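One file, work13.pdb, carrying PDB, C-alpha atoms:
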ATOM      1  CA  MET Y  17      27.158   3.961  15.485
ATOM      2  CA  ASN Y  18      26.308   6.797  13.072
ATOM      3  CA  ALA Y  19      24.569   6.612   9.684
ATOM      4  CA  SER Y  20      27.733   6.713   7.557
ATOM      5  CA  GLU Y  21      29.238   3.819   9.553
ATOM      6  CA  ASP Y  22      26.015   1.883   8.951
ATOM      7  CA  ILE Y  23      26.287   2.486   5.208
ATOM      8  CA  THR Y  24      29.952   1.407   5.151
ATOM      9  CA  ASP Y  25      29.169  -1.724   7.170
ATOM     10  CA  ASP Y  26      26.189  -2.576   4.953
ATOM     11  CA  TRP Y  27      28.293  -2.184   1.846
ATOM     12  CA  ALA Y  28      30.986  -4.487   3.248
ATOM     13  CA  VAL Y  29      28.359  -7.161   3.997
ATOM     14  CA  ILE Y  30      26.733  -6.722   0.574
ATOM     15  CA  GLN Y  31      30.091  -7.208  -1.139
ATOM     16  CA  ARG Y  32      30.631 -10.454   0.785
ATOM     17  CA  VAL Y  33      27.190 -11.714  -0.257
ATOM     18  CA  ARG Y  34      27.859 -10.725  -3.862
ATOM     19  CA  ASP Y  35      31.105 -12.684  -3.715
ATOM     20  CA  GLY Y  36      29.158 -15.823  -2.853
ATOM     21  CA  ASP Y  37      28.951 -15.735   0.949
ATOM     22  CA  VAL Y  38      25.157 -16.159   1.112
ATOM     23  CA  ASP Y  39      25.165 -16.639   4.913
ATOM     24  CA  SER Y  40      26.345 -13.051   5.392
ATOM     25  CA  PHE Y  41      22.954 -11.896   4.137
ATOM     26  CA  GLU Y  42      21.584 -12.830   7.562
ATOM     27  CA  GLU Y  43      23.427  -9.806   9.009
ATOM     28  CA  LEU Y  44      21.307  -7.560   6.799
ATOM     29  CA  VAL Y  45      18.125  -9.461   7.687
ATOM     30  CA  THR Y  46      18.826  -9.089  11.399
ATOM     31  CA  ALA Y  47      19.658  -5.385  11.049
ATOM     32  CA  TYR Y  48      16.598  -4.487   8.977
ATOM     33  CA  GLN Y  49      13.873  -6.977   9.930
ATOM     34  CA  GLU Y  50      12.175  -4.497  12.292
ATOM     35  CA  LEU Y  51      12.129  -1.839   9.576
ATOM     36  CA  VAL Y  52      10.654  -4.174   6.962
ATOM     37  CA  PHE Y  53       8.152  -5.674   9.392
ATOM     38  CA  GLY Y  54       7.029  -2.160  10.360
ATOM     39  CA  ILE Y  55       6.515  -1.082   6.738
ATOM     40  CA  VAL Y  56       4.556  -4.247   5.918
ATOM     41  CA  ALA Y  57       2.480  -4.344   9.116
ATOM     42  CA  ARG Y  58       0.984  -0.923   8.395
ATOM     43  CA  ARG Y  59       0.006  -1.876   4.873
ATOM     44  CA  VAL Y  60      -0.893  -5.546   4.909
ATOM     45  CA  ALA Y  61      -3.459  -7.512   6.909
ATOM     46  CA  GLY Y  62      -2.104  -9.457   9.917
ATOM     47  CA  PRO Y  63      -1.906 -13.039   8.572
ATOM     48  CA  ASP Y  64       0.049 -11.984   5.458
ATOM     49  CA  VAL Y  65       2.613  -9.728   7.139
ATOM     50  CA  GLU Y  66       5.247 -12.402   7.671
ATOM     51  CA  SER Y  67       5.104 -13.905   4.180
ATOM     52  CA  VAL Y  68       5.231 -10.477   2.503
ATOM     53  CA  ALA Y  69       8.150  -9.417   4.732
ATOM     54  CA  GLN Y  70       9.963 -12.635   3.829
ATOM     55  CA  ASP Y  71       9.356 -12.046   0.099
ATOM     56  CA  ILE Y  72      10.856  -8.576   0.458
ATOM     57  CA  PHE Y  73      14.136  -9.973   1.781
ATOM     58  CA  VAL Y  74      14.250 -12.658  -0.907
ATOM     59  CA  SER Y  75      13.644  -9.959  -3.564
ATOM     60  CA  ALA Y  76      16.404  -7.831  -2.045
ATOM     61  CA  PHE Y  77      18.764 -10.805  -2.158
ATOM     62  CA  GLN Y  78      17.911 -11.460  -5.799
ATOM     63  CA  SER Y  79      18.430  -7.802  -6.724
ATOM     64  CA  LEU Y  80      21.573  -7.270  -4.667
ATOM     65  CA  LYS Y  81      23.752  -7.125  -7.789
ATOM     66  CA  ALA Y  82      21.815  -4.026  -8.875
ATOM     67  CA  TYR Y  83      22.409  -2.209  -5.574
ATOM     68  CA  HIS Y  84      24.744   0.783  -5.703
ATOM     69  CA  PRO Y  85      26.265   2.146  -2.460
ATOM     70  CA  ARG Y  86      25.510   5.763  -3.405
ATOM     71  CA  GLU Y  87      22.038   5.039  -2.001
ATOM     72  CA  PRO Y  88      21.746   3.954   1.648
ATOM     73  CA  PHE Y  89      20.762   0.286   1.872
ATOM     74  CA  ARG Y  90      17.922   1.194   4.272
ATOM     75  CA  ARG Y  91      16.306   3.424   1.651
ATOM     76  CA  TRP Y  92      16.861   0.884  -1.127
ATOM     77  CA  LEU Y  93      15.261  -1.852   0.971
ATOM     78  CA  SER Y  94      12.332   0.402   1.972
ATOM     79  CA  THR Y  95      11.594   1.021  -1.713
ATOM     80  CA  ILE Y  96      11.474  -2.727  -2.365
ATOM     81  CA  ALA Y  97       9.219  -3.133   0.681
ATOM     82  CA  VAL Y  98       6.678  -0.510  -0.439
ATOM     83  CA  ARG Y  99       6.584  -1.891  -3.985
ATOM     84  CA  ARG Y 100       6.100  -5.428  -2.713
ATOM     85  CA  CYS Y 101       3.136  -4.277  -0.630
ATOM     86  CA  VAL Y 102       1.600  -2.716  -3.752
ATOM     87  CA  ASP Y 103       2.132  -6.049  -5.556
ATOM     88  CA  HIS Y 104       0.418  -7.794  -2.647
ATOM     89  CA  TRP Y 105      -2.679  -5.576  -2.972
ATOM     90  CA  ARG Y 106      -2.749  -6.221  -6.704
ATOM     91  CA  LYS Y 107      -2.812  -9.979  -6.047
ATOM     92  CA  LYS Y 108      -5.476  -9.641  -3.374
ATOM     93  CA  GLY Y 109      -7.739  -7.561  -5.611
ATOM     94  CA  ARG Y 110      -9.944  -4.680  -4.575
ATOM     95  CA  ILE Y 111     -13.543  -4.099  -3.618
ATOM     96  CA  ARG Y 112     -15.108  -2.305  -6.567
ATOM     97  CA  GLU Y 113     -18.260  -0.900  -5.013
ATOM     98  CA  MET Y 114     -19.526  -0.550  -1.503
ATOM     99  CA  THR Y 115     -22.013   1.730   0.226
ATOM    100  CA  GLY Y 116     -22.712   2.354   3.875
ATOM    101  CA  SER Y 117     -25.530  -0.195   3.843
ATOM    102  CA  GLU Y 118     -23.030  -2.985   3.177
ATOM    103  CA  LEU Y 119     -21.126  -2.330   6.391
ATOM    104  CA  SER Y 120     -21.839  -4.471   9.441
ATOM    105  CA  PRO Y 121     -23.964  -2.812  12.168
ATOM    106  CA  ALA Y 122     -20.878  -2.426  14.375
ATOM    107  CA  GLN Y 123     -18.897  -0.841  11.537
ATOM    108  CA  SER Y 124     -21.778   1.540  10.746
ATOM    109  CA  ASP Y 125     -21.979   2.545  14.400
ATOM    110  CA  TRP Y 126     -18.268   3.241  14.466
ATOM    111  CA  LEU Y 127     -18.503   5.314  11.308
ATOM    112  CA  GLU Y 128     -21.338   7.341  12.792
ATOM    113  CA  GLN Y 129     -19.375   7.852  16.005
ATOM    114  CA  ALA Y 130     -16.229   8.897  14.124
ATOM    115  CA  ALA Y 131     -18.137  11.251  11.826
ATOM    116  CA  SER Y 132     -20.038  13.009  14.563
ATOM    117  CA  SER Y 133     -17.588  13.043  17.473
ATOM    118  CA  LEU Y 134     -17.380  16.637  18.586
ATOM    119  CA  SER Y 135     -14.790  16.468  21.345
ATOM    120  CA  ARG Y 136     -11.275  15.013  21.413
ATOM    121  CA  ASP Y 137     -12.423  12.510  24.060
ATOM    122  CA  GLU Y 138     -15.195  11.171  21.833
ATOM    123  CA  PHE Y 139     -12.758  11.001  18.946
ATOM    124  CA  GLU Y 140     -10.212   9.057  21.013
ATOM    125  CA  LYS Y 141     -12.925   6.648  22.225
ATOM    126  CA  ALA Y 142     -13.934   5.925  18.658
ATOM    127  CA  LEU Y 143     -10.373   5.072  17.677
ATOM    128  CA  VAL Y 144      -9.884   2.323  20.259
ATOM    129  CA  HIS Y 145     -12.652   0.177  18.754
ATOM    130  CA  GLU Y 146     -11.541  -2.678  16.515
ATOM    131  CA  GLU Y 147     -14.068  -1.449  13.940
ATOM    132  CA  ALA Y 148     -11.704   1.476  13.268
ATOM    133  CA  ALA Y 149      -9.176  -0.874  11.653
ATOM    134  CA  GLU Y 150     -11.928  -2.787   9.815
ATOM    135  CA  VAL Y 151     -13.500   0.309   8.268
ATOM    136  CA  LEU Y 152     -10.051   1.632   7.384
ATOM    137  CA  ASP Y 153      -9.259  -1.641   5.658
ATOM    138  CA  LEU Y 154     -12.546  -1.594   3.731
ATOM    139  CA  ALA Y 155     -11.974   1.984   2.586
ATOM    140  CA  LEU Y 156      -8.415   1.284   1.458
ATOM    141  CA  ARG Y 157      -9.418  -1.902  -0.338
ATOM    142  CA  ARG Y 158     -11.702   0.133  -2.535
ATOM    143  CA  MET Y 159      -8.705   2.116  -3.821
ATOM    144  CA  ASP Y 160      -6.586   0.904  -6.717
ATOM    145  CA  PRO Y 161      -3.149  -0.327  -5.493
ATOM    146  CA  GLU Y 162      -1.234   2.769  -6.564
ATOM    147  CA  GLY Y 163      -3.856   5.156  -5.210
ATOM    148  CA  ARG Y 164      -3.793   3.304  -1.925
ATOM    149  CA  ALA Y 165       0.002   3.568  -1.742
ATOM    150  CA  LEU Y 166      -0.228   7.309  -2.399
ATOM    151  CA  ILE Y 167      -2.864   7.826   0.289
ATOM    152  CA  GLU Y 168      -0.789   5.933   2.825
ATOM    153  CA  LEU Y 169       2.527   7.570   1.960
ATOM    154  CA  VAL Y 170       1.362  11.144   1.367
ATOM    155  CA  TYR Y 171      -1.694  11.691   3.586
ATOM    156  CA  PHE Y 172      -1.319   9.157   6.349
ATOM    157  CA  GLU Y 173       2.468   9.087   6.788
ATOM    158  CA  ASP Y 174       3.321  12.605   5.536
ATOM    159  CA  GLN Y 175       6.307  11.315   3.568
ATOM    160  CA  PRO Y 176       8.196  13.890   1.430
ATOM    161  CA  MET Y 177       6.931  13.897  -2.173
ATOM    162  CA  LYS Y 178      10.474  13.174  -3.420
ATOM    163  CA  ASP Y 179      10.528   9.912  -1.441
ATOM    164  CA  VAL Y 180       7.003   9.010  -2.548
ATOM    165  CA  ALA Y 181       8.029   9.469  -6.191
ATOM    166  CA  ARG Y 182      11.055   7.229  -5.679
ATOM    167  CA  PHE Y 183       9.045   4.546  -3.896
ATOM    168  CA  LEU Y 184       6.593   4.331  -6.785
ATOM    169  CA  ASP Y 185       9.102   5.005  -9.573
ATOM    170  CA  ILE Y 186       7.280   8.071 -10.891
ATOM    171  CA  SER Y 187       8.252  11.753 -11.237
ATOM    172  CA  VAL Y 188       7.609  14.192  -8.383
ATOM    173  CA  SER Y 189       5.068  16.174 -10.433
ATOM    174  CA  ASN Y 190       3.314  12.940 -11.370
ATOM    175  CA  ALA Y 191       3.252  11.902  -7.704
ATOM    176  CA  LYS Y 192       1.623  15.247  -6.789
ATOM    177  CA  VAL Y 193      -1.063  14.938  -9.466
ATOM    178  CA  ARG Y 194      -1.802  11.288  -8.720
ATOM    179  CA  SER Y 195      -1.880  11.783  -4.954
ATOM    180  CA  HIS Y 196      -4.395  14.608  -5.409
ATOM    181  CA  ARG Y 197      -6.590  12.276  -7.485
ATOM    182  CA  ALA Y 198      -6.197   9.519  -4.896
ATOM    183  CA  ARG Y 199      -7.290  11.929  -2.151
ATOM    184  CA  GLN Y 200     -10.403  12.792  -4.137
ATOM    185  CA  LYS Y 201     -11.118   9.109  -4.566
ATOM    186  CA  LEU Y 202     -10.780   8.486  -0.817
ATOM    187  CA  ARG Y 203     -13.173  11.372  -0.117
ATOM    188  CA  LYS Y 204     -15.687   9.842  -2.501
ATOM    189  CA  ILE Y 205     -15.340   6.481  -0.737
ATOM    190  CA  VAL Y 206     -15.865   8.084   2.658
ATOM    191  CA  GLU Y 207     -18.935   9.987   1.389
ATOM    192  CA  ASP Y 208     -20.331   6.714  -0.029
ATOM    193  CA  MET Y 209     -19.783   4.952   3.270
ATOM    194  CA  LEU Y 210     -21.551   7.708   5.165
ATOM    195  CA  SER Y 211     -24.502   7.731   2.781
TER     196      SER Y 211
ATOM    197  CA  MET X  12     -16.694  17.761   1.401
ATOM    198  CA  SER X  13     -18.966  17.669   4.449
ATOM    199  CA  ASP X  14     -17.675  18.127   7.997
ATOM    200  CA  ARG X  15     -18.751  14.559   8.761
ATOM    201  CA  ALA X  16     -16.668  13.215   5.907
ATOM    202  CA  LYS X  17     -13.661  15.339   6.935
ATOM    203  CA  GLN X  18     -13.971  14.060  10.489
ATOM    204  CA  THR X  19     -14.218  10.455   9.247
ATOM    205  CA  GLU X  20     -11.168  10.915   7.017
ATOM    206  CA  LYS X  21      -9.240  12.216  10.027
ATOM    207  CA  ALA X  22     -10.380   9.190  12.065
ATOM    208  CA  LEU X  23      -9.220   6.832   9.322
ATOM    209  CA  LYS X  24      -5.790   8.470   9.309
ATOM    210  CA  GLU X  25      -5.529   8.078  13.092
ATOM    211  CA  ALA X  26      -6.669   4.456  12.817
ATOM    212  CA  TYR X  27      -3.926   3.857  10.244
ATOM    213  CA  LEU X  28      -1.236   5.398  12.444
ATOM    214  CA  ARG X  29      -2.378   3.398  15.460
ATOM    215  CA  ARG X  30      -2.609   0.071  13.680
ATOM    216  CA  GLU X  31      -1.144  -2.610  15.857
ATOM    217  CA  SER X  32       1.844  -4.371  14.406
ATOM    218  CA  PRO X  33       2.104  -8.142  14.878
ATOM    219  CA  VAL X  34       5.071  -9.263  16.934
ATOM    220  CA  LEU X  35       8.161 -10.123  14.932
ATOM    221  CA  PRO X  36       8.647 -13.906  15.274
ATOM    222  CA  GLU X  37      11.890 -14.883  16.989
ATOM    223  CA  ASP X  38      12.916 -17.210  14.193
ATOM    224  CA  PHE X  39      12.052 -14.766  11.417
ATOM    225  CA  SER X  40      15.646 -14.297  10.223
ATOM    226  CA  SER X  41      16.264 -18.073  10.066
ATOM    227  CA  ARG X  42      13.076 -18.547   8.031
ATOM    228  CA  VAL X  43      14.143 -15.772   5.686
ATOM    229  CA  MET X  44      17.590 -17.337   5.316
ATOM    230  CA  ALA X  45      16.047 -20.729   4.508
ATOM    231  CA  ALA X  46      14.049 -19.049   1.708
ATOM    232  CA  VAL X  47      17.144 -17.159   0.532
ATOM    233  CA  HIS X  48      19.240 -20.348   0.398
ATOM    234  CA  ASP X  49      16.445 -22.082  -1.478
ATOM    235  CA  GLN X  50      16.247 -19.235  -3.979
ATOM    236  CA  HIS X  51      20.047 -19.240  -4.345
ATOM    237  CA  ARG X  52      20.111 -22.986  -5.071
ATOM    238  CA  GLN X  53      17.415 -22.607  -7.731
ATOM    239  CA  SER X  54      19.246 -19.736  -9.399
ATOM    240  CA  GLN X  55      22.440 -21.816  -9.527
ATOM    241  CA  VAL X  56      20.624 -24.519 -11.490
ATOM    242  CA  VAL X  57      18.680 -22.273 -13.860
ATOM    243  CA  ASP X  58      21.079 -19.385 -14.371
ATOM    244  CA  PHE X  59      23.751 -21.273 -16.338
ATOM    245  CA  PRO X  60      25.570 -18.266 -17.861
ATOM    246  CA  ALA X  61      26.037 -16.562 -14.472
ATOM    247  CA  GLY X  62      27.288 -19.813 -12.935
ATOM    248  CA  ASP X  63      29.880 -20.620 -15.575
ATOM    249  CA  GLY X  64      30.293 -18.015 -18.299
ATOM    250  CA  GLY X  65      33.285 -19.742 -19.921
ATOM    251  CA  LEU X  66      31.510 -23.034 -20.460
ATOM    252  CA  TRP X  67      28.449 -21.260 -21.835
ATOM    253  CA  MET X  68      30.562 -19.316 -24.338
ATOM    254  CA  PHE X  69      32.299 -22.538 -25.367
ATOM    255  CA  ALA X  70      28.927 -24.265 -25.934
ATOM    256  CA  ARG X  71      27.751 -21.389 -28.131
ATOM    257  CA  PHE X  72      31.015 -21.406 -30.072
ATOM    258  CA  ALA X  73      30.758 -25.173 -30.615
ATOM    259  CA  ALA X  74      27.152 -24.791 -31.839
ATOM    260  CA  ALA X  75      28.200 -22.036 -34.260
ATOM    261  CA  ALA X  76      31.151 -24.082 -35.558
ATOM    262  CA  ALA X  77      28.946 -27.166 -36.072
ATOM    263  CA  THR X  78      26.355 -25.113 -37.989
ATOM    264  CA  MET X  79      29.058 -23.587 -40.195
ATOM    265  CA  ALA X  80      30.554 -27.022 -40.860
ATOM    266  CA  ILE X  81      27.164 -28.412 -41.941
ATOM    267  CA  VAL X  82      26.487 -25.451 -44.241
ATOM    268  CA  PHE X  83      30.017 -25.668 -45.656
ATOM    269  CA  GLY X  84      29.763 -29.432 -46.204
ATOM    270  CA  TYR X  85      26.387 -29.154 -47.920
ATOM    271  CA  SER X  86      27.628 -26.281 -50.132
ATOM    272  CA  GLN X  87      30.672 -28.346 -51.156
ATOM    273  CA  TYR X  88      28.417 -31.290 -52.007
ATOM    274  CA  ALA X  89      25.792 -29.277 -53.897
ATOM    275  CA  TYR X  90      27.770 -26.623 -55.705
ATOM    276  CA  GLY X  91      31.322 -27.966 -55.982
ATOM    277  CA  ASP X  92      33.395 -25.379 -57.898
ATOM    278  CA  LEU X  93      30.921 -22.585 -57.248
ATOM    279  CA  LEU X  94      31.759 -22.696 -53.580
ATOM    280  CA  PRO X  95      34.431 -19.915 -53.454
ATOM    281  CA  SER X  96      31.997 -17.306 -54.825
ATOM    282  CA  ILE X  97      29.080 -18.436 -52.644
ATOM    283  CA  TRP X  98      31.114 -18.799 -49.482
ATOM    284  CA  SER X  99      31.426 -15.068 -48.980
ATOM    285  CA  SER X 100      31.859 -13.217 -45.697
ATOM    286  CA  ASP X 101      28.130 -12.403 -45.753
ATOM    287  CA  MET X 102      27.371 -16.123 -45.719
ATOM    288  CA  ILE X 103      29.632 -16.650 -42.731
ATOM    289  CA  GLY X 104      27.967 -13.735 -40.955
ATOM    290  CA  LEU X 105      24.502 -15.088 -41.648
ATOM    291  CA  THR X 106      25.446 -18.569 -40.446
ATOM    292  CA  SER X 107      26.934 -17.163 -37.269
ATOM    293  CA  MET X 108      23.845 -15.098 -36.626
ATOM    294  CA  MET X 109      21.537 -18.072 -37.145
ATOM    295  CA  SER X 110      23.524 -20.147 -34.706
ATOM    296  CA  GLY X 111      23.185 -17.408 -32.118
ATOM    297  CA  PHE X 112      26.906 -16.718 -31.670
TER     298      PHE X 112
END

File written out as structure tokens:
Amino acid sequence: MNASEDITDDWAVIQRVRDGDVDSFEELVTAYQELVFGIVARRVAGPDVESVAQDIFVSAFQSLKAYHPREPFRRWLSTIAVRRCVDHWRKKGRIREMTGSELSPAQSDWLEQAASSLSRDEFEKALVHEEAAEVLDLALRRMDPEGRALIELVYFEDQPMKDVARFLDISVSNAKVRSHRARQKLRKIVEDMLS
Amino acid sequence: MSDRAKQTEKALKEAYLRRESPVLPEDFSSRVMAAVHDQHRQSQVVDFPAGDGGLWMFARFAAAAATMAIVFGYSQYAYGDLLPSIWSSDMIGLTSMMSGF
């Protein structure tokens, strides 16, 4: 099945749901649950993934009247998913200040290994440690929610700036400026951790 | 930015891309649908205008008519013969606005 058939099928299902057939929404959930779960799993800590993913589908259901078929449903749903993750970080709060001395010994060791690994082998070895995910999480939690979203979308996922702007409901030029600032902030966080 | 920091930033990016995703629960779609049905039921109760626009319009019209009748009745009682000059279209407009119609 090609992309245009998907869009036509989605639109037919959406119209049924809009007409009151709530059960038909399950077709959309089944078709897009992997996509939503994937978006959330990269951004949200393990125990919260399922509840955030569920909230995204409920939000999509609530907003279905606002959906227009000129935009593929997949893209529309992805935008809701990214914004919901940003909301989740806002609720969770952020770590305001943290230096390298506040890391656990294992996390500090990992950081040292990652910072000084000279060969690809050493680099790969460092990445398999569970501390990699922990330090990443600590670094990202020091960012403000929007800055974090920009770092993930622009620098980690290499998403086109046009898509990033749409996800965050800002202009492309604004997205460029803000993502540059967010990158500087991440660098400062990394320098602090290494100090 | 130092080489160490650049290397660490690169490692963080790799760690992000390799993050392990939890397994999608088998009953995820049924749990989502239970939440969707729940949300739908709540919206049916709260969102009165969307559920029955005609009845809502009728209720607002009845409220406006009742307000106008009270104002008219009081004017008749208080001002008697002065009523035709007071009961201008502006008055009707004001009464309608106050009643939210």

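Relative to atom CA of Ser67 of chain Y, atom CA of Ala47 of chain Y is found at 18.2 Å.
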
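The nearest approach to Lys81 of chain Y among the residues Y:Val33, Y:Val68, Y:Leu127, Y:Val52, with all atoms listed in the file taken into account, belongs to Y:Val33.
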
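If you look at atom CA of Pro161 of chain Y and atom CA of Val102 of chain Y, they are 5.6 Å away from each other.
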
Counting only C-alpha atoms, which residues of chain Y come no farther than 8 Å from chain X, as a VMD selection string? chain Y and resid 38 to 39 41 to 42 45 to 46 49 to 50 53 to 54 57 to 58 62 65 70 73 to 74 77 127 130 to 133 139 143 148 to 149 151 to 152 171 to 173 203 206 to 207 210

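As for atom CA of Ala28 of chain Y and atom CA of Pro88 of chain Y, they are spaced 12.6 Å apart.
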
Assuming the chain letters and numbering stay as they are in my file, what does the PyMOL selection byres ((chain Y and resi 180) around 10) actually select? List them as a PyMOL selection string. chain Y and resi 95+98+165-166+168-170+174-179+181-188+191-192+195

Give me a file of those residues, with C-alpha atoms, as a short mmCIF file (atom, residue, chain, number, x, y, z; two decimals), in the coordinates of the input.
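Output contents, as saved in out-v5.cif:
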data_model
loop_
_atom_site.label_atom_id
_atom_site.label_comp_id
_atom_site.auth_asym_id
_atom_site.auth_seq_id
_atom_site.Cartn_x
_atom_site.Cartn_y
_atom_site.Cartn_z
CA THR Y 95 11.59 1.02 -1.71
CA VAL Y 98 6.68 -0.51 -0.44
CA ALA Y 165 0.00 3.57 -1.74
CA LEU Y 166 -0.23 7.31 -2.40
CA GLU Y 168 -0.79 5.93 2.82
CA LEU Y 169 2.53 7.57 1.96
CA VAL Y 170 1.36 11.14 1.37
CA ASP Y 174 3.32 12.60 5.54
CA GLN Y 175 6.31 11.32 3.57
CA PRO Y 176 8.20 13.89 1.43
CA MET Y 177 6.93 13.90 -2.17
CA LYS Y 178 10.47 13.17 -3.42
CA ASP Y 179 10.53 9.91 -1.44
CA ALA Y 181 8.03 9.47 -6.19
CA ARG Y 182 11.06 7.23 -5.68
CA PHE Y 183 9.04 4.55 -3.90
CA LEU Y 184 6.59 4.33 -6.78
CA ASP Y 185 9.10 5.00 -9.57
CA ILE Y 186 7.28 8.07 -10.89
CA SER Y 187 8.25 11.75 -11.24
CA VAL Y 188 7.61 14.19 -8.38
CA ALA Y 191 3.25 11.90 -7.70
CA LYS Y 192 1.62 15.25 -6.79
CA SER Y 195 -1.88 11.78 -4.95
#
